[in-house]
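Here is the structure we will look at, set down as structure tokens.
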Protein chains: 2
Amino acid sequence: MNYTFSERMKNMNGTATREIFKLLGDPSIISFAGGNPAIECLPTERVKEIANDICASPDFPRVLQYGLTAGFPEFRELLCKYVETAGIYGAKTENVLVISGGQQGIDLALKAFIDPGDVILVEDPTYLAFLQLANSYEGVCVGVKADENGLDLADLEAKIKKHKPKVLYCVPTFSNPTGKTYSAENRKAIAEMTAKYGVIVLEDDPYSKLRFKGEYLPAMKSYDEAGNIIFISSFSKIISPGNRTGVAVASPEIIRKMEIGKQGTDLHTPNLSQMITYEYLRRGYLEPDLEKAVKIYGEKKAAMSAAIAKYMPEEFECTDPDGGLFIWGRFPEKIDVVKIFPEAIARKVAYIQGCVFFADGSGTNYVRLNYSYASPAQIDEGIARLGELFKEKLAK
Amino acid sequence: MNYTFSERMKNMNGTATREIFKLLGDPSIISFAGGNPAIECLPTERVKEIANDICASPDFPRVLQYGLTAGFPEFRELLCKYVETAGIYGAKTENVLVISGGQQGIDLALKAFIDPGDVILVEDPTYLAFLQLANSYEGVCVGVKADENGLDLADLEAKIKKHKPKVLYCVPTFSNPTGKTYSAENRKAIAEMTAKYGVIVLEDDPYSKLRFKGEYLPAMKSYDEAGNIIFISSFSKIISPGNRTGVAVASPEIIRKMEIGKQGTDLHTPNLSQMITYEYLRRGYLEPDLEKAVKIYGEKKAAMSAAIAKYMPEEFECTDPDGGLFIWGRFPEKIDVVKIFPEAIARKVAYIQGCVFFADGSGTNYVRLNYSYASPAQIDEGIARLGELFKEKLAK
């Protein structure tokens, strides 16, 4: 039978992301392609302890039964306090929704707001899975210029006036893929400008807790006076990606729509996943564990920066992030990293081609390099292989 | 700020379903409104044992890391065998997708096929959350007549010809809300007719394992020769709803689209949820546990049938299901169960108004009564309260 798939899905093939996971399945390849946290940073012993305690609790049958779509009431209460660590004060339970990972928060926000043809502004470049997701809602992504301080405000205002976007999507802290962080002034200015023009902001914050250098900045949501900002935070990078939990913070009206959307898609986040994250936070494990994890990420990032300095061609320029999981690099324009990719795989090393992060598919001379997953020794070896490959290409 | 929500969401308020959960939160109300499995039928000790074993396994860190969107490979392998219990033979891993509960399978199937305005045929009446979900994809539901043997084939063919539907949605075994089961001949005929006209069938099968009487029937999917049937099964009613796991079976092409859709919504089902269901099936716990559970459901159903005979007005007609979770009943047309609902709540007993299950919102003289959650004593007391209330109304 020939299938007539929906407009939203007929051209979706999801290749880029699935490729990442496939590569990680081959242990002989050193992969800088994924966004996985370091296995040694995952709180294995803590989660075991918590899971065993949950099983031993007289309340355990409740864990097996249906739960509320918005999440366990006590978890939502705790999340109201938790988001204060992002500078968001005064949240009530009606402002928070438990989500099955940050990805679901983005999905539910788009479901609530985007009709086919609606314009979504994004930082150029931006999170590749966001572009795919926006595509699945038949939204039209338009890139906004950015510099070292964040979004270019003049370009943002011009594009708001020109395109009348419904939504602005951004990752203000340790952006994916660039690792860039918007300044406090830039955050405040974006919050004010989007409020003025009635644009919904989708603030995606999976990485801000992974800061190994520099000073902590409050979320853009902390400057939200109009109720136009949706803050999405994930526990994937700081507790466990496999547990699939996160939190969305927004006005009660938006949270209600997202909750209804969630009701239709997975009814609720699995109770055991919720309870594990809840207990982990309640027992105060996050802060001491983060301190150790961040030290490891800082060391890995240093290992990658050192390897780049040692092996990569001098024409290669890259970022020097204060946190997060990625280094973003640029080759001269004659280099096409998409064409070269199969050769990298043949040499048992993987990166992500920069073009998948651009709304218009440009940027074939950029790469995103993840430093969180590989060991420092693998980082050295993998960057050496890449350096050799790209030096050959540049010499041609 | 005034929000401009998307077309799909602006009129969604999700009241009916959320009301169910709220009622269950009030312990003084005897609720026949939900679809929760009996707490005493949930395999609490088995899940504890499994969770403890998973925690003790050297493989545990893998549980915390990201997983594949389609599910753990060994779980998918096992699911290929598992669906043989539904009469589906020859499934390969490319035919199966792990889903976060049956609801997600339905959502992903609609995401893959439904554009705004597309017609979806449904049995009239049908699962209320399906109608809401179809609404969220801006699909147009059209009801098909049904009798004791299943769908009315003449009406089905006439409606296929008239509406050119993309999808037929049905619950062939212990249908929600009616508890009805389609005969083997009816299943086969529907499979053949939909194949002939190129209609995708979404076969939702959450209840077939909960049979306390009569003979087991193979899934409609077992008659699928054209590759047009998507079989969705859930572990919510037989292992744990709070664990949110299920399986979709379809052609590789459809499974790929659903997998890509899932990638965008929750990336993957939580690993611990998957591992618990996997181990539960692998250890052979399902069959002996089901035997006990089904006995309890049979007793509860008998308690409700007896209470109905004892207390309900003689004008009340209802089904006598061989399995599943619901009795479906009809009052004379002068009775409006929507108007009477607040009085039932005042008397501390809840049901679901039948009209929420009809594509056109008719059926205000029908009720769905769940017998799985309340105890036999509560069933007796709750039906006595309802009987008194409706006798008063009929006497007016």
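Please note that chains go A, B, ... in the order of the structure tokens, that every chain numbers its residues from 1, and that ligands are numbered from 1 in the order shown.
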Residues of chain A at most 6 Å from chain B: nearest atom pair and distance in Å, only C-alpha atoms, as JSON lines:
{"residue": "A:Met1", "atom": "CA", "partner": "B:Ala226", "partner_atom": "CA", "distance": 5.9}
{"residue": "A:Phe5", "atom": "CA", "partner": "B:Phe113", "partner_atom": "CA", "distance": 4.7}
{"residue": "A:Ser6", "atom": "CA", "partner": "B:Phe113", "partner_atom": "CA", "distance": 4.4}
{"residue": "A:Met9", "atom": "CA", "partner": "B:Ala112", "partner_atom": "CA", "distance": 5.8}
{"residue": "A:Gly14", "atom": "CA", "partner": "B:Ile260", "partner_atom": "CA", "distance": 5.8}
{"residue": "A:Lys48", "atom": "CA", "partner": "B:Cys55", "partner_atom": "CA", "distance": 5.3}
{"residue": "A:Cys55", "atom": "CA", "partner": "B:Lys48", "partner_atom": "CA", "distance": 5.3}
{"residue": "A:Leu64", "atom": "CA", "partner": "B:Gly242", "partner_atom": "CA", "distance": 4.6}
{"residue": "A:Gln65", "atom": "CA", "partner": "B:Gly242", "partner_atom": "CA", "distance": 4.8}
{"residue": "A:Tyr66", "atom": "CA", "partner": "B:Gly242", "partner_atom": "CA", "distance": 4.7}
{"residue": "A:Gln103", "atom": "CA", "partner": "B:Asp266", "partner_atom": "CA", "distance": 5.9}
{"residue": "A:Gln104", "atom": "CA", "partner": "B:Thr265", "partner_atom": "CA", "distance": 5.0}
{"residue": "A:Asp107", "atom": "CA", "partner": "B:Thr265", "partner_atom": "CA", "distance": 5.8}
{"residue": "A:Ala112", "atom": "CA", "partner": "B:Ser6", "partner_atom": "CA", "distance": 5.5}
{"residue": "A:Phe113", "atom": "CA", "partner": "B:Ser6", "partner_atom": "CA", "distance": 4.4}
{"residue": "A:Ile114", "atom": "CA", "partner": "B:Ser6", "partner_atom": "CA", "distance": 5.4}
{"residue": "A:Asp115", "atom": "CA", "partner": "B:Ser6", "partner_atom": "CA", "distance": 5.4}
{"residue": "A:Leu133", "atom": "CA", "partner": "B:Gly264", "partner_atom": "CA", "distance": 5.7}
{"residue": "A:Ala226", "atom": "CA", "partner": "B:Met1", "partner_atom": "CA", "distance": 5.9}
{"residue": "A:Ser240", "atom": "CA", "partner": "B:Leu64", "partner_atom": "CA", "distance": 5.1}
{"residue": "A:Pro241", "atom": "CA", "partner": "B:Tyr66", "partner_atom": "CA", "distance": 5.2}
{"residue": "A:Gly242", "atom": "CA", "partner": "B:Leu64", "partner_atom": "CA", "distance": 4.6}
{"residue": "A:Asn243", "atom": "CA", "partner": "B:Pro270", "partner_atom": "CA", "distance": 5.0}
{"residue": "A:Arg244", "atom": "CA", "partner": "B:Pro270", "partner_atom": "CA", "distance": 5.6}
{"residue": "A:Ile260", "atom": "CA", "partner": "B:Gly14", "partner_atom": "CA", "distance": 5.8}
{"residue": "A:Gly264", "atom": "CA", "partner": "B:Leu133", "partner_atom": "CA", "distance": 5.7}
{"residue": "A:Thr265", "atom": "CA", "partner": "B:Gln104", "partner_atom": "CA", "distance": 5.0}
{"residue": "A:Asp266", "atom": "CA", "partner": "B:Gln104", "partner_atom": "CA", "distance": 5.2}
{"residue": "A:Pro270", "atom": "CA", "partner": "B:Asn243", "partner_atom": "CA", "distance": 5.0}
{"residue": "A:Asn271", "atom": "CA", "partner": "B:Gly242", "partner_atom": "CA", "distance": 5.4}
**OP:** Give the alpha helix (DSSP H) residues of segment 143-207 of chain A, as assigned by DSSP on the backbone, as a ChimeraX atom specification.
**Re:** /A:153-163,184-197
Counting only C-alpha atoms, which residues in segment 132-213 of chain A sit no more than 7 Å from segment 284-297 of chain A? For each one, give the nearest pair of atoms and the distance in Å, sorted by chain then residue number, as JSON lines.
{"residue": "A:Leu210", "atom": "CA", "partner": "A:Val294", "partner_atom": "CA", "distance": 5.7}
{"residue": "A:Arg211", "atom": "CA", "partner": "A:Val294", "partner_atom": "CA", "distance": 6.5}
{"residue": "A:Phe212", "atom": "CA", "partner": "A:Val294", "partner_atom": "CA", "distance": 5.5}
Go ahead and dump the residues you just picked, N, CA and C atoms, as a JSON list (two decimals), in the first residue's frame.
[["chain", "number", "residue", "atom", "x", "y", "z"],
["A", 210, "LEU", "N", 25.37, 23.84, 34.09],
["A", 210, "LEU", "CA", 26.69, 23.26, 33.77],
["A", 210, "LEU", "C", 27.72, 24.36, 33.52],
["A", 211, "ARG", "N", 27.87, 25.27, 34.49],
["A", 211, "ARG", "CA", 28.80, 26.39, 34.33],
["A", 211, "ARG", "C", 30.08, 26.09, 35.10],
["A", 212, "PHE", "N", 31.21, 26.05, 34.37],
["A", 212, "PHE", "CA", 32.48, 25.81, 35.06],
["A", 212, "PHE", "C", 33.33, 27.07, 35.17]]
Subject >> Residue contacts of Leu97 of chain B (6 Å, only C-alpha atoms) excluding same-chain residues fewer than 5 positions away, as a PyMOL selection string >> reply: chain B and resi 70+247-248
**OP:** Pick out the closest residue to Tyr197 of chain A from this set: A:Pro165, A:Gly117, A:Gly179, A:Gly214. Count only C-alpha atoms.
**Re:**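 Checking each candidate against Tyr197 of chain A, we get A:Pro165 as the closest.
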Subject >> Residue neighbourhood segment 365-381 of chain B, 9 Å, only C-alpha atoms, exclusion window fewer than 2 positions, as a PyMOL selection string >> reply: chain B and resi 30-39+176-178+296-297+299-304+306-308+311+324-338+350-355+362-363+383-386
**OP:** Name the closest residue to Val96 of chain A among the candidates A:Ile230, A:Ile345, A:Ile120, A:Leu217; distances are taken between atoms, counting only C-alpha atoms.
**Re:**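 Answer, going by the shortest atom-to-atom distance: A:Ile230.
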Subject >> Close residues, Lys159 of chain B itself excluded, 12 Å, only C-alpha atoms, min 2 positions apart in chain, as a list in words >> reply: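 Returned residues: Val119, Ile120, Leu121, Val122, Glu123, Cys141, Val142, Gly143, Val144, Lys145, Leu151, Asp152, Leu153, Ala154, Asp155, Leu156, Glu157, Lys161, Lys162, His163, Lys164, Pro165, Lys166, Val167, Leu168, Met193, Thr194, Tyr197 and Val199 of chain B.
The two atoms in question, atom CA of Ala146 of chain A and atom CA of Ser208 of chain A, are spaced 18.6 Å apart.
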Subject >> DSSP strand (DSSP E or B) selection over segment 157-220 of chain B, as a VMD selection string >> reply: chain B and resid 167 to 170 200 to 205 211
Write a file of the just-selected residues containing C-alpha atoms, as a tab-separated table (two decimals), in the first residue's frame.
chain	number	residue	atom	x	y	z
B	167	VAL	CA	-8.26	6.67	9.10
B	168	LEU	CA	-10.70	4.35	10.84
B	169	TYR	CA	-10.25	4.26	14.62
B	170	CYS	CA	-11.69	1.36	16.62
B	200	ILE	CA	-5.55	3.26	7.54
B	201	VAL	CA	-6.98	1.40	10.54
B	202	LEU	CA	-5.95	2.41	14.02
B	203	GLU	CA	-6.71	-0.66	16.15
B	204	ASP	CA	-6.57	0.32	19.81
B	205	ASP	CA	-6.22	-2.69	22.09
B	211	ARG	CA	-11.17	-11.30	29.44
Original post:
Mind pulling up the distance from atom CA of Arg282 of chain B to atom CA of Gly90 of chain B?
Top reply: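 Computed distance, atom CA of Gly90 of chain B to atom CA of Arg282 of chain B, equals 18.8 Å.
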Subject >> Residues near Cys80 of chain B, cut-off 7 Å, only C-alpha atoms, skip fewer than 5 positions along chain, as JSON, numbers by chain >> reply: {"B": [91, 92, 93]}
Once you have the residues from the selection above, write them out as a tab-separated table (two decimals), in the first residue's frame, restricted to all heavy atoms.
chain	number	residue	atom	x	y	z
B	91	ALA	N	6.14	-10.42	13.24
B	91	ALA	CA	6.63	-9.04	13.43
B	91	ALA	C	8.14	-9.06	13.64
B	91	ALA	O	8.68	-9.92	14.33
B	91	ALA	CB	5.93	-8.40	14.63
B	92	LYS	N	8.83	-8.11	12.98
B	92	LYS	CA	10.27	-7.91	13.19
B	92	LYS	C	10.45	-6.61	13.96
B	92	LYS	O	9.50	-5.81	14.08
B	92	LYS	CB	10.97	-7.84	11.85
B	92	LYS	CG	10.77	-9.11	11.01
B	92	LYS	CD	11.79	-9.17	9.88
B	92	LYS	CE	11.65	-10.48	9.13
B	92	LYS	NZ	10.97	-10.33	7.85
B	93	THR	N	11.67	-6.36	14.43
B	93	THR	CA	11.86	-5.13	15.23
B	93	THR	C	11.46	-3.89	14.43
B	93	THR	O	10.97	-2.93	15.02
B	93	THR	CB	13.31	-4.98	15.74
B	93	THR	OG1	14.18	-5.13	14.63
B	93	THR	CG2	13.64	-6.00	16.79
Which residues come within 6 Å of segment 357-361 of chain A, counting only C-alpha atoms, excluding same-chain residues fewer than 5 positions away, as an mmCIF file with N, CA, C and O atoms, in the first residue's frame?
data_model
loop_
_atom_site.group_PDB
_atom_site.id
_atom_site.type_symbol
_atom_site.label_atom_id
_atom_site.label_comp_id
_atom_site.auth_asym_id
_atom_site.auth_seq_id
_atom_site.Cartn_x
_atom_site.Cartn_y
_atom_site.Cartn_z
ATOM 1 N N ASP A 124 20.369 32.328 14.972
ATOM 2 C CA ASP A 124 21.001 31.619 13.861
ATOM 3 C C ASP A 124 22.479 31.441 14.195
ATOM 4 O O ASP A 124 23.183 32.432 14.359
ATOM 5 N N PRO A 125 22.991 30.258 14.390
ATOM 6 C CA PRO A 125 22.364 28.933 14.337
ATOM 7 C C PRO A 125 21.643 28.577 15.637
ATOM 8 O O PRO A 125 21.870 29.212 16.661
ATOM 9 N N THR A 126 20.822 27.535 15.575
ATOM 10 C CA THR A 126 20.088 27.088 16.771
ATOM 11 C C THR A 126 19.995 25.563 16.827
ATOM 12 O O THR A 126 20.428 24.857 15.918
ATOM 13 N N TYR A 127 19.394 25.080 17.917
ATOM 14 C CA TYR A 127 19.226 23.651 18.217
ATOM 15 C C TYR A 127 18.546 22.917 17.059
ATOM 16 O O TYR A 127 17.434 23.233 16.680
ATOM 17 N N LEU A 128 19.223 21.940 16.503
ATOM 18 C CA LEU A 128 18.716 21.298 15.286
ATOM 19 C C LEU A 128 17.375 20.608 15.473
ATOM 20 O O LEU A 128 16.523 20.649 14.588
ATOM 21 N N CYS A 141 10.747 28.978 10.209
ATOM 22 C CA CYS A 141 11.804 29.537 11.049
ATOM 23 C C CYS A 141 12.577 30.611 10.308
ATOM 24 O O CYS A 141 12.982 30.416 9.163
ATOM 25 N N GLY A 143 15.921 33.144 10.931
ATOM 26 C CA GLY A 143 17.074 33.354 11.793
ATOM 27 C C GLY A 143 17.248 34.813 12.195
ATOM 28 O O GLY A 143 17.004 35.716 11.398
#
Original post:
Nearest to Glu74 of chain B among B:Pro252, B:Leu389, B:Met220, B:Met275, with distances taken over only C-alpha atoms: which residue is it?
Top reply: B:Met275
Original post:
Could you state the separation of atom CA of Pro73 of chain A and atom CA of Ala344 of chain B in Å, given to one decimal place?
Top reply: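 Separation of atom CA of Pro73 of chain A and atom CA of Ala344 of chain B: 27.0 Å.
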Original post:
So, counting only C-alpha atoms, which residue among B:Tyr216, B:Tyr82, B:Tyr207, B:Phe231 is closest to Ser175 of chain B?
Top reply: B:Tyr207
